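Read through the structure below, which is laid out as structure tokens, and then see the notes.
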Amino acid sequence: MIAPLRKHKVECPPLLSDKTVLERMWRGSVPLGKTLPQYEDVVLGSLGRLGDHLILLEGGSPAEFKVLRAGRKIREWLGADLHDKRLKDLPRDCAMALGEVLEQAIAASAPVPYRMHRVAEGMVETYEMLAFPMACRWGAPLLGVYVGEAATRYNLVDTIFRSTEEGIVALAAIRNAASAAVDFQIVAVNQGAADLFGLDERKLQWCRLSELPIGSSTQAMLDRLIAGVGTGQFDQFEFAFTRSDNKLEVNVNVGIAAVGDLLSMTLTDIGDLKQREASFRLLFEGNPVPMWLYDPSDLRILSVNDAALSHYGYSRTRMQGMSLLDLWPRDEWDIHREIARSVGENYQSDRTWRHIKADGSEIEVLTYARRLPFANKHTILVAVVDVTERKNAEARIAYMAHHDALTDLPNRVLFHERLNEVLGRVRRNGESLAVHCLDLDHFKGVNDTLGHPIGDELLKAVAQRLGESLRDSDMVARLGGDEFAVVQFPLAGPHEASALATTLIEVVSKPYEVHGHEFVVGGSIGIALAPDDGAEADVLLRNADMALYRAKAEGRGTAHFFEPEMDRRIQARRMLELDLRKAFANGEFELFYQPLINLNANAVSGFEALLRWRHTERGMIAPAEFIPLAEEIGLIVPLGEWVLRKACSEAMHWPQHLKVAVNLSPAQFRSRGVVKAVLTALAYSRLPPDRLELEITESVLLGETEANLATLHQLREIGVRISMDDFGTGYSSLSYLRCFPFDKIKIDRSFVSELAERPDCVAIIRAVAGLGMSLGIATTAEGIETREQLERVRAEGCTEVQGYLFSPPRPASELGQLIAPAHEKEAAVA
């Protein structure tokens, strides 16, 4: 057993008091106005026993310090003969301590305390020092150092044994008669070793190694220690044994060093390390991710898991020992080698790498690596994630994002990209190109009659024909629906574009046979040229689309080049659309009224409300210019509701026998809110329903006839009057009059205007008036501008007239002169 730490008593004065006395003497000897005291005032005279602990030196640096005088204790500490010796000649540990404290005292020009430790004969000694500078009248300043040992010394071996958690055991060899080492006796042991063995420290001391209760492992340890005593060389090995107290297995790293028959043994618990290694093995071997360990010095694979063997197709014998170069394509050896050798603590690839499998196929992987100790050397653990399928899927997704799923042609996105690329060449090299926008004629009819599957097959056939008609440098794309686009590049001139457009129309217009159905469709093309018609992809496509619109308007099956006038019309239309929306929001619309004259009574029977737009800059805009646009942009429904409310409200200010007529557009019927709008207008104005007359055109009855007839019946039930406007100009059918009992038929002005020149117009008016009389329906002739026209329609039996002969449309504020003297005015006209 190691003896308890012993405190060795030495004859020492109270250190703190000695240093305090010296410092006070030094400070009390400093003359007024001076920095240092005189040597004689401090050292000479009454030092007494303190002189035994003083050493006096001269010099300005450690290399120059020389001993002038040393007290008895100093001579015992450093040696007897110290006179005239330089500091560098003293024992190194003492010289270093003295040199450092002296330098500090010189720099401070004041006393400086210091503490040093030294080892002598296995004991740790502690010394307190006080260095102080002094002036000398005969030369350079002198330096004094007080040195006194502290009261306690410590055994160094005891300190080492007690200060470590590692096990330390001192053993003595036991030899047999043949002088062969056969066992060992424990002569000293620390608590760390006792804890590892699970035994009391006192029981272990003087115990033979063979008597340790560590199970079957005892002989293996004995054999290794006996071999160490025999060679006298340091040895290190791992050893496992079972503790007797708790039956737990202990793993230790054993280090032995022998000197003769004495042997020291250090025991380091590596149980946690072994557990980590076992966990690593479990995670490494059983991991589904391919992994291996390699030596960064030569790139050799040291260990590989089953997942890597399975994924790469190698046997363990083959792969374990391969170079990483065998996994890399030759063209990437240099960059792979550089990265593999320079991996730090951690590495994560920021790109994919190509690897080669045993069958020669290539895969793309992401690699992750970190440094690990393995088999007593630095290695690098690599984990790989095969992203080949993911990359292929990404490529497929990228392809799908840039191609039409039905025809496999480039889509609008890829078309824009390619067009921008070619436009770059156009700008750089002064070349030309053409963009063709092609739209199929009558495609909707194929879809509606034969079904979408046939339509899809037709689109595929069209795509194939277009592709076969182009050069390798051209490109065709499907923009959506039955619309295709072609980039023709390079282009010698407009004549080449015209020739290609003619070819494409001819190709598309040839008969098709799809699933037993034979049919013909045509094509119309709009052409825009770069750079003349635009240098940007969006501009060219827009201009080609405008030219396509013109081609379809001119009869289909033709090609049309873009003209700047088209753009001006489009811009004007766009500006009108913006102004139209603002006009509705700003209340720029107003109603004008044109009187309706009852021919039987020769009096005003009501007024037709006509919408007018007073533009803030352009003045009054004709309804024919903005009504179609309002229908197209969806503004006609809210605008129509406003007209209903406004007309009903203003009619409430007229005499009760006067009615108001309001036109309803087909779009209002399609919105399915027309009944509610009428009810709202009547409720808002409190106008009696029989004073409201709603005028509809024949086109309302062309589509969704049943639904629209139901709406008309709902309106009739409210009590409002229904008239058919512009009768005879559209798809007139007597069945309409049979399906719904209209209150009035309005004969279009086109028949009235040509009464004098065309007898057929007279016949039509006569027939309509006669039909109305037979069915009990009133008939109104529109567009009466002359007295002759008035007399003719009166003679043919019309019951009501309307036109500029009586009054142009007027604002509500000017109707008074028409309402008050209505009877007199009509009598005069008659």
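By order of appearance in the structure tokens: chains A, B, ..., then residues from 1 within every chain, and ligands from 1 in the order shown.
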- Excluding A:Met116 and residues on its chain fewer than 4 positions from it, collect all residues at most 7 Å away from it, counting only C-alpha atoms, and give them as a VMD selection string. chain A and resid 97 126 to 128
Resulting file, chosen residues, N, CA and C atoms, as a PDB file, in the first residue's frame:
```pdb
ATOM      1  N   ALA A  97      13.881  30.858 -11.728  1.00  0.00           N
ATOM      2  CA  ALA A  97      13.021  31.570 -10.785  1.00  0.00           C
ATOM      3  C   ALA A  97      13.655  32.888 -10.364  1.00  0.00           C
ATOM      4  N   THR A 126       8.557  23.902  -1.827  1.00  0.00           N
ATOM      5  CA  THR A 126       7.977  25.189  -2.219  1.00  0.00           C
ATOM      6  C   THR A 126       8.749  26.301  -1.531  1.00  0.00           C
ATOM      7  N   TYR A 127       9.104  27.338  -2.297  1.00  0.00           N
ATOM      8  CA  TYR A 127       9.897  28.451  -1.770  1.00  0.00           C
ATOM      9  C   TYR A 127       9.189  29.765  -2.039  1.00  0.00           C
ATOM     10  N   GLU A 128       9.229  30.644  -1.017  1.00  0.00           N
ATOM     11  CA  GLU A 128       8.709  32.000  -1.135  1.00  0.00           C
ATOM     12  C   GLU A 128       9.896  32.928  -1.347  1.00  0.00           C
TER      13      GLU A 128
END
```
Assign secondary structure with DSSP using the backbone only, and return the residues of stretch 572-715 of chain A in helix (DSSP H, G or I) as a short mmCIF file (atom, residue, chain, number, x, y, z; two decimals) with N, CA, C and O atoms, in the first residue's frame.
```
data_model
loop_
_atom_site.label_atom_id
_atom_site.label_comp_id
_atom_site.auth_asym_id
_atom_site.auth_seq_id
_atom_site.Cartn_x
_atom_site.Cartn_y
_atom_site.Cartn_z
N ALA A 572 -55.11 50.80 -78.99
CA ALA A 572 -56.28 51.66 -78.83
C ALA A 572 -57.39 50.90 -78.10
O ALA A 572 -58.10 51.47 -77.25
N ARG A 573 -57.57 49.64 -78.45
CA ARG A 573 -58.59 48.84 -77.78
C ARG A 573 -58.26 48.68 -76.30
O ARG A 573 -59.15 48.76 -75.45
N ARG A 574 -56.97 48.44 -76.00
CA ARG A 574 -56.58 48.27 -74.60
C ARG A 574 -56.81 49.57 -73.82
O ARG A 574 -57.27 49.55 -72.68
N MET A 575 -56.50 50.71 -74.45
CA MET A 575 -56.73 51.98 -73.78
C MET A 575 -58.22 52.22 -73.56
O MET A 575 -58.64 52.70 -72.50
N LEU A 576 -59.01 51.84 -74.57
CA LEU A 576 -60.46 52.00 -74.43
C LEU A 576 -60.99 51.12 -73.31
O LEU A 576 -61.88 51.53 -72.55
N GLU A 577 -60.44 49.92 -73.18
CA GLU A 577 -60.87 49.03 -72.11
C GLU A 577 -60.57 49.64 -70.74
O GLU A 577 -61.42 49.62 -69.84
N LEU A 578 -59.35 50.19 -70.58
CA LEU A 578 -59.00 50.82 -69.30
C LEU A 578 -59.92 52.01 -69.01
O LEU A 578 -60.40 52.19 -67.89
N ASP A 579 -60.17 52.83 -70.07
CA ASP A 579 -61.06 53.98 -69.88
C ASP A 579 -62.47 53.54 -69.55
O ASP A 579 -63.17 54.19 -68.75
N LEU A 580 -62.90 52.43 -70.15
CA LEU A 580 -64.26 51.93 -69.91
C LEU A 580 -64.44 51.51 -68.45
O LEU A 580 -65.46 51.80 -67.82
N ARG A 581 -63.43 50.82 -67.93
CA ARG A 581 -63.52 50.41 -66.52
C ARG A 581 -63.53 51.62 -65.60
O ARG A 581 -64.27 51.67 -64.61
N LYS A 582 -62.67 52.60 -65.90
CA LYS A 582 -62.63 53.80 -65.07
C LYS A 582 -63.93 54.59 -65.20
O LYS A 582 -64.40 55.19 -64.23
N ALA A 583 -64.50 54.61 -66.42
CA ALA A 583 -65.73 55.36 -66.63
C ALA A 583 -66.86 54.81 -65.77
O ALA A 583 -67.65 55.59 -65.20
N PHE A 584 -66.94 53.50 -65.67
CA PHE A 584 -67.99 52.90 -64.84
C PHE A 584 -67.78 53.25 -63.37
O PHE A 584 -68.73 53.58 -62.65
N ALA A 585 -66.50 53.20 -62.94
CA ALA A 585 -66.20 53.52 -61.54
C ALA A 585 -66.42 55.00 -61.25
O ALA A 585 -66.84 55.37 -60.13
N ASN A 586 -66.18 55.86 -62.26
CA ASN A 586 -66.26 57.31 -62.03
C ASN A 586 -67.62 57.91 -62.40
O ASN A 586 -67.81 59.12 -62.30
N PRO A 623 -72.23 54.08 -78.89
CA PRO A 623 -72.48 52.78 -78.24
C PRO A 623 -71.91 51.61 -79.03
O PRO A 623 -71.45 50.63 -78.44
N ALA A 624 -71.93 51.71 -80.37
CA ALA A 624 -71.39 50.61 -81.18
C ALA A 624 -69.92 50.39 -80.92
O ALA A 624 -69.38 49.30 -81.19
N GLU A 625 -69.23 51.40 -80.39
CA GLU A 625 -67.79 51.28 -80.13
C GLU A 625 -67.50 50.65 -78.77
O GLU A 625 -66.54 49.92 -78.63
N PHE A 626 -68.33 50.91 -77.77
CA PHE A 626 -67.98 50.42 -76.43
C PHE A 626 -68.88 49.28 -75.91
O PHE A 626 -68.47 48.54 -75.03
N ILE A 627 -70.12 49.13 -76.48
CA ILE A 627 -70.99 48.07 -75.97
C ILE A 627 -70.40 46.68 -76.24
O ILE A 627 -70.34 45.83 -75.33
N PRO A 628 -69.90 46.37 -77.46
CA PRO A 628 -69.28 45.04 -77.68
C PRO A 628 -68.10 44.79 -76.77
O PRO A 628 -67.89 43.67 -76.30
N LEU A 629 -67.30 45.85 -76.52
CA LEU A 629 -66.15 45.68 -75.64
C LEU A 629 -66.60 45.41 -74.21
O LEU A 629 -66.01 44.56 -73.50
N ALA A 630 -67.64 46.10 -73.77
CA ALA A 630 -68.16 45.87 -72.42
C ALA A 630 -68.65 44.44 -72.27
O ALA A 630 -68.47 43.80 -71.22
N GLU A 631 -69.28 43.90 -73.33
CA GLU A 631 -69.73 42.50 -73.29
C GLU A 631 -68.53 41.56 -73.22
O GLU A 631 -68.54 40.56 -72.49
N GLU A 632 -67.47 41.89 -73.97
CA GLU A 632 -66.30 41.01 -74.03
C GLU A 632 -65.55 40.96 -72.71
O GLU A 632 -65.06 39.90 -72.31
N ILE A 636 -70.67 44.31 -69.05
CA ILE A 636 -72.02 44.61 -69.49
C ILE A 636 -73.05 44.26 -68.42
O ILE A 636 -74.11 44.90 -68.33
N VAL A 637 -72.78 43.24 -67.60
CA VAL A 637 -73.76 42.83 -66.57
C VAL A 637 -73.93 43.92 -65.52
O VAL A 637 -75.06 44.38 -65.28
N PRO A 638 -72.85 44.37 -64.84
CA PRO A 638 -73.06 45.46 -63.86
C PRO A 638 -73.53 46.75 -64.52
O PRO A 638 -74.31 47.51 -63.93
N LEU A 639 -73.06 46.99 -65.77
CA LEU A 639 -73.50 48.20 -66.47
C LEU A 639 -75.00 48.11 -66.79
O LEU A 639 -75.75 49.11 -66.64
N GLY A 640 -75.46 46.94 -67.22
CA GLY A 640 -76.88 46.75 -67.49
C GLY A 640 -77.74 46.91 -66.26
O GLY A 640 -78.86 47.45 -66.32
N GLU A 641 -77.24 46.44 -65.11
CA GLU A 641 -78.00 46.60 -63.86
C GLU A 641 -78.13 48.08 -63.50
O GLU A 641 -79.18 48.53 -63.02
N TRP A 642 -77.04 48.83 -63.76
CA TRP A 642 -77.10 50.28 -63.48
C TRP A 642 -78.13 50.95 -64.39
O TRP A 642 -78.90 51.82 -63.96
N VAL A 643 -78.16 50.56 -65.67
CA VAL A 643 -79.12 51.15 -66.61
C VAL A 643 -80.54 50.87 -66.14
O VAL A 643 -81.41 51.77 -66.17
N LEU A 644 -80.82 49.65 -65.71
CA LEU A 644 -82.16 49.32 -65.22
C LEU A 644 -82.57 50.22 -64.06
O LEU A 644 -83.67 50.78 -64.03
N ARG A 645 -81.68 50.32 -63.07
CA ARG A 645 -82.01 51.14 -61.89
C ARG A 645 -82.21 52.60 -62.27
O ARG A 645 -83.15 53.26 -61.82
N LYS A 646 -81.31 53.11 -63.12
CA LYS A 646 -81.37 54.53 -63.49
C LYS A 646 -82.62 54.83 -64.30
O LYS A 646 -83.33 55.83 -64.05
N ALA A 647 -82.93 53.98 -65.29
CA ALA A 647 -84.09 54.21 -66.15
C ALA A 647 -85.39 54.15 -65.34
O ALA A 647 -86.29 55.00 -65.52
N CYS A 648 -85.50 53.18 -64.45
CA CYS A 648 -86.72 53.07 -63.63
C CYS A 648 -86.87 54.26 -62.71
O CYS A 648 -87.98 54.78 -62.50
N SER A 649 -85.76 54.71 -62.14
CA SER A 649 -85.82 55.86 -61.22
C SER A 649 -86.26 57.12 -61.96
O SER A 649 -87.09 57.91 -61.44
N GLU A 650 -85.72 57.36 -63.17
CA GLU A 650 -86.08 58.57 -63.90
C GLU A 650 -87.50 58.49 -64.45
O GLU A 650 -88.21 59.50 -64.57
N ALA A 651 -87.98 57.28 -64.78
CA ALA A 651 -89.36 57.12 -65.29
C ALA A 651 -90.39 57.47 -64.23
O ALA A 651 -91.54 57.83 -64.54
N PRO A 666 -77.66 39.60 -74.34
CA PRO A 666 -77.56 38.15 -74.12
C PRO A 666 -76.67 37.81 -72.92
O PRO A 666 -76.92 36.83 -72.22
N ALA A 667 -75.63 38.64 -72.68
CA ALA A 667 -74.72 38.37 -71.55
C ALA A 667 -75.46 38.46 -70.23
O ALA A 667 -75.16 37.73 -69.28
N GLN A 668 -76.45 39.37 -70.14
CA GLN A 668 -77.22 39.48 -68.89
C GLN A 668 -78.06 38.22 -68.66
O GLN A 668 -78.22 37.78 -67.52
N PHE A 669 -78.57 37.65 -69.74
CA PHE A 669 -79.31 36.40 -69.60
C PHE A 669 -78.39 35.26 -69.18
O PHE A 669 -78.75 34.42 -68.35
N ARG A 670 -77.19 35.22 -69.73
CA ARG A 670 -76.24 34.15 -69.38
C ARG A 670 -75.82 34.24 -67.92
O ARG A 670 -75.44 33.24 -67.31
N VAL A 674 -80.61 38.17 -64.18
CA VAL A 674 -81.41 39.24 -64.76
C VAL A 674 -82.73 39.43 -64.01
O VAL A 674 -83.19 40.56 -63.83
N VAL A 675 -83.35 38.35 -63.54
CA VAL A 675 -84.62 38.49 -62.81
C VAL A 675 -84.40 39.26 -61.52
O VAL A 675 -85.18 40.17 -61.17
N LYS A 676 -83.35 38.90 -60.83
CA LYS A 676 -83.04 39.61 -59.58
C LYS A 676 -82.74 41.08 -59.84
O LYS A 676 -83.15 41.97 -59.08
N ALA A 677 -82.01 41.36 -60.94
CA ALA A 677 -81.68 42.75 -61.27
C ALA A 677 -82.95 43.56 -61.55
O ALA A 677 -83.06 44.73 -61.14
N VAL A 678 -83.91 42.96 -62.27
CA VAL A 678 -85.18 43.66 -62.56
C VAL A 678 -85.95 43.93 -61.28
O VAL A 678 -86.46 45.03 -61.05
N LEU A 679 -86.05 42.91 -60.43
CA LEU A 679 -86.76 43.08 -59.17
C LEU A 679 -86.10 44.17 -58.32
O LEU A 679 -86.80 44.99 -57.69
N THR A 680 -84.78 44.18 -58.29
CA THR A 680 -84.05 45.19 -57.50
C THR A 680 -84.32 46.58 -58.04
O THR A 680 -84.55 47.53 -57.27
N ALA A 681 -84.30 46.75 -59.37
CA ALA A 681 -84.53 48.07 -59.98
C ALA A 681 -85.94 48.57 -59.69
O ALA A 681 -86.16 49.75 -59.38
N LEU A 682 -86.92 47.66 -59.79
CA LEU A 682 -88.31 48.06 -59.52
C LEU A 682 -88.49 48.43 -58.05
O LEU A 682 -89.18 49.41 -57.72
N ALA A 683 -87.88 47.65 -57.16
CA ALA A 683 -88.01 47.93 -55.73
C ALA A 683 -87.30 49.23 -55.37
O ALA A 683 -87.79 50.02 -54.56
N TYR A 684 -86.14 49.45 -55.99
CA TYR A 684 -85.35 50.65 -55.70
C TYR A 684 -86.09 51.91 -56.15
O TYR A 684 -86.10 52.93 -55.47
N SER A 685 -86.77 51.84 -57.35
CA SER A 685 -87.41 53.03 -57.91
C SER A 685 -88.90 53.14 -57.56
O SER A 685 -89.49 54.21 -57.71
N PRO A 689 -94.47 47.60 -62.33
CA PRO A 689 -93.87 46.69 -63.31
C PRO A 689 -94.42 46.88 -64.72
O PRO A 689 -93.69 46.73 -65.70
N ASP A 690 -95.74 47.25 -64.85
CA ASP A 690 -96.31 47.36 -66.19
C ASP A 690 -95.80 48.57 -66.95
O ASP A 690 -96.11 48.74 -68.14
N ARG A 691 -95.05 49.45 -66.29
CA ARG A 691 -94.46 50.60 -66.97
C ARG A 691 -93.05 50.30 -67.49
O ARG A 691 -92.41 51.15 -68.12
N GLU A 698 -83.19 38.40 -80.85
CA GLU A 698 -83.43 37.00 -81.15
C GLU A 698 -82.27 36.10 -80.70
O GLU A 698 -82.47 34.92 -80.42
N SER A 699 -81.06 36.67 -80.60
CA SER A 699 -79.89 35.85 -80.23
C SER A 699 -80.02 35.28 -78.83
O SER A 699 -79.40 34.27 -78.50
N VAL A 700 -80.84 35.92 -77.97
CA VAL A 700 -81.04 35.40 -76.61
C VAL A 700 -81.65 34.00 -76.65
O VAL A 700 -81.36 33.14 -75.83
N LEU A 701 -82.50 33.75 -77.67
CA LEU A 701 -83.21 32.49 -77.74
C LEU A 701 -82.44 31.41 -78.50
O LEU A 701 -82.91 30.27 -78.60
N THR A 705 -82.15 27.55 -74.96
CA THR A 705 -83.50 28.06 -75.19
C THR A 705 -84.42 27.82 -74.01
O THR A 705 -85.16 28.71 -73.57
N GLU A 706 -84.40 26.61 -73.46
CA GLU A 706 -85.30 26.27 -72.35
C GLU A 706 -85.04 27.17 -71.15
O GLU A 706 -85.99 27.70 -70.54
N ALA A 707 -83.78 27.36 -70.81
CA ALA A 707 -83.45 28.19 -69.64
C ALA A 707 -83.85 29.63 -69.87
O ALA A 707 -84.39 30.30 -68.98
N ASN A 708 -83.58 30.14 -71.09
CA ASN A 708 -83.91 31.54 -71.37
C ASN A 708 -85.42 31.75 -71.42
O ASN A 708 -85.94 32.79 -71.00
N LEU A 709 -86.17 30.79 -71.98
CA LEU A 709 -87.63 30.90 -71.97
C LEU A 709 -88.18 30.90 -70.56
O LEU A 709 -89.12 31.65 -70.23
N ALA A 710 -87.56 30.09 -69.68
CA ALA A 710 -88.00 30.08 -68.28
C ALA A 710 -87.77 31.44 -67.64
O ALA A 710 -88.60 31.93 -66.87
N THR A 711 -86.64 32.08 -67.99
CA THR A 711 -86.35 33.41 -67.45
C THR A 711 -87.37 34.42 -67.96
O THR A 711 -87.86 35.27 -67.19
N LEU A 712 -87.72 34.34 -69.25
CA LEU A 712 -88.71 35.26 -69.79
C LEU A 712 -90.07 35.10 -69.10
O LEU A 712 -90.76 36.09 -68.81
N HIS A 713 -90.45 33.87 -68.83
CA HIS A 713 -91.72 33.64 -68.13
C HIS A 713 -91.68 34.21 -66.71
O HIS A 713 -92.70 34.74 -66.22
N GLN A 714 -90.52 34.11 -66.06
CA GLN A 714 -90.40 34.70 -64.71
C GLN A 714 -90.56 36.22 -64.78
O GLN A 714 -91.21 36.81 -63.91
N LEU A 715 -89.99 36.82 -65.81
CA LEU A 715 -90.12 38.26 -65.96
C LEU A 715 -91.57 38.65 -66.24
O LEU A 715 -92.07 39.67 -65.74
#
```
- Message: as a PyMOL selection string, please: the residues near stretch 767-771 of chain A (cut-off 7 Å, only C-alpha atoms, same-chain neighbours under 4 positions excluded).
- Response: chain A and resi 763+775+779+796-798
- Message: Residues near stretch 266-273 of chain A, anyone? I mean within 7 Å using only C-alpha atoms, not counting same-chain ones fewer than 4 positions away, as a ChimeraX atom specification.
- Response: /A:166-169,193,250-256,277
- For atom CA of A:Arg243 and atom CA of A:Gly198, quote the distance in Å rounded to one decimal.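 Atom CA of A:Gly198 lies 6.1 Å from atom CA of A:Arg243.
Contact shell of stretch 805-809 of chain A at 10 Å (only C-alpha atoms; same-chain neighbours under 5 positions omitted): Leu591, Phe592, Tyr593, Gln594, Pro595, Leu596, Ile597, Val604, Phe607, Glu608, Ala609, Leu610, Leu611, Arg612, Gly783, Ile784, Glu785, Thr786, Arg787, Gln789, Leu790, Glu814, Leu815, Leu818, Lys825, Glu826 and Val829 of chain A.
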Could you write out the selected residues, including C-alpha atoms, as an mmCIF file, in the first residue's frame?
```cif
data_model
loop_
_atom_site.group_PDB
_atom_site.id
_atom_site.type_symbol
_atom_site.label_atom_id
_atom_site.label_comp_id
_atom_site.auth_asym_id
_atom_site.auth_seq_id
_atom_site.Cartn_x
_atom_site.Cartn_y
_atom_site.Cartn_z
ATOM 1 C CA LEU A 591 -78.943 57.707 -70.226
ATOM 2 C CA PHE A 592 -80.556 59.395 -73.221
ATOM 3 C CA TYR A 593 -84.207 58.786 -74.110
ATOM 4 C CA GLN A 594 -85.938 58.589 -77.505
ATOM 5 C CA PRO A 595 -89.745 58.807 -77.580
ATOM 6 C CA LEU A 596 -92.037 56.026 -78.723
ATOM 7 C CA ILE A 597 -95.123 57.342 -80.608
ATOM 8 C CA VAL A 604 -95.913 59.773 -76.830
ATOM 9 C CA PHE A 607 -89.292 56.366 -74.082
ATOM 10 C CA GLU A 608 -86.522 53.941 -74.932
ATOM 11 C CA ALA A 609 -83.474 54.306 -72.626
ATOM 12 C CA LEU A 610 -80.218 54.476 -74.629
ATOM 13 C CA LEU A 611 -76.797 54.289 -72.918
ATOM 14 C CA ARG A 612 -74.288 57.051 -73.646
ATOM 15 C CA GLY A 783 -85.714 54.558 -87.650
ATOM 16 C CA ILE A 784 -88.534 56.813 -88.914
ATOM 17 C CA GLU A 785 -86.800 59.871 -90.321
ATOM 18 C CA THR A 786 -89.201 61.159 -93.007
ATOM 19 C CA ARG A 787 -92.891 61.841 -93.202
ATOM 20 C CA GLN A 789 -91.709 56.604 -94.090
ATOM 21 C CA LEU A 790 -94.190 57.415 -91.371
ATOM 22 C CA GLU A 814 -84.724 67.779 -71.884
ATOM 23 C CA LEU A 815 -87.738 65.485 -71.948
ATOM 24 C CA LEU A 818 -91.810 66.157 -75.193
ATOM 25 C CA LYS A 825 -97.208 67.882 -81.033
ATOM 26 C CA GLU A 826 -98.324 64.533 -82.309
ATOM 27 C CA VAL A 829 -97.231 65.956 -87.012
#
```
- Message: Could you go through stretch 292-494 of chain A and tell me which residues DSSP, when run on the backbone, assigns to strand (DSSP E or B), listing them as a count of residues only?
- Response: 63
- Message: At a cut-off of 9 Å, using only C-alpha atoms, what residues contact A:Leu78? Leave out same-chain residues fewer than 6 positions from it and give the result as a ChimeraX atom specification.
- Response: /A:90-91,94
I need the chosen residues saved as a short mmCIF file (atom, residue, chain, number, x, y, z; two decimals), in the first residue's frame, with N, CA, C and O atoms.
```cif
data_model
loop_
_atom_site.label_atom_id
_atom_site.label_comp_id
_atom_site.auth_asym_id
_atom_site.auth_seq_id
_atom_site.Cartn_x
_atom_site.Cartn_y
_atom_site.Cartn_z
N LEU A 90 24.03 28.64 -11.91
CA LEU A 90 23.31 28.01 -10.81
C LEU A 90 22.40 26.90 -11.37
O LEU A 90 22.16 26.82 -12.58
N PRO A 91 21.87 26.02 -10.48
CA PRO A 91 20.91 25.00 -10.94
C PRO A 91 19.79 25.66 -11.75
O PRO A 91 19.28 26.73 -11.38
N CYS A 94 16.45 26.90 -10.16
CA CYS A 94 16.62 28.05 -9.28
C CYS A 94 16.98 29.29 -10.08
O CYS A 94 16.51 30.40 -9.81
#
```
- Message: For a test of reading the model, state the distance in Å between atom CA of A:Ile214 and atom CA of A:Arg175, rounded to one decimal.
- Response: 22.2 Å
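The environment of stretch 480-486 of chain A within 8 Å, counting only C-alpha atoms and disregarding residues fewer than 2 places along the same chain, consists of Asn411, Arg412, Ala434, Val435, His436, Cys437, Leu438, Asp439, Leu440, Phe443, Leu459, Asp474, Met475, Val476, Ala477, Arg478 and Gln488 of chain A.
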- Message: Please report the interatomic distance between atom CA of A:Val101 and atom CA of A:Ala131 in Å with one decimal.
- Response: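 Computed distance, atom CA of A:Val101 to atom CA of A:Ala131, equals 6.2 Å.
Shortest separation to A:Ser310 among A:Ala172, A:Ala358, A:Val426, A:Ala194 occurs at residue A:Ala358, atoms counted being only C-alpha atoms.
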- Using only C-alpha atoms, pick whichever of A:Tyr512, A:Leu423, A:Asp408, A:Ile633 has the shortest atom-to-atom distance to A:Ile454. A:Tyr512
- Query: Looking at only C-alpha atoms, which of A:Gly772, A:Gly534, A:Pro453, A:Gly467 is the one that sits closest to A:His515?
  - Reply: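 That would be A:Pro453, the residue with the smallest distance to A:His515.
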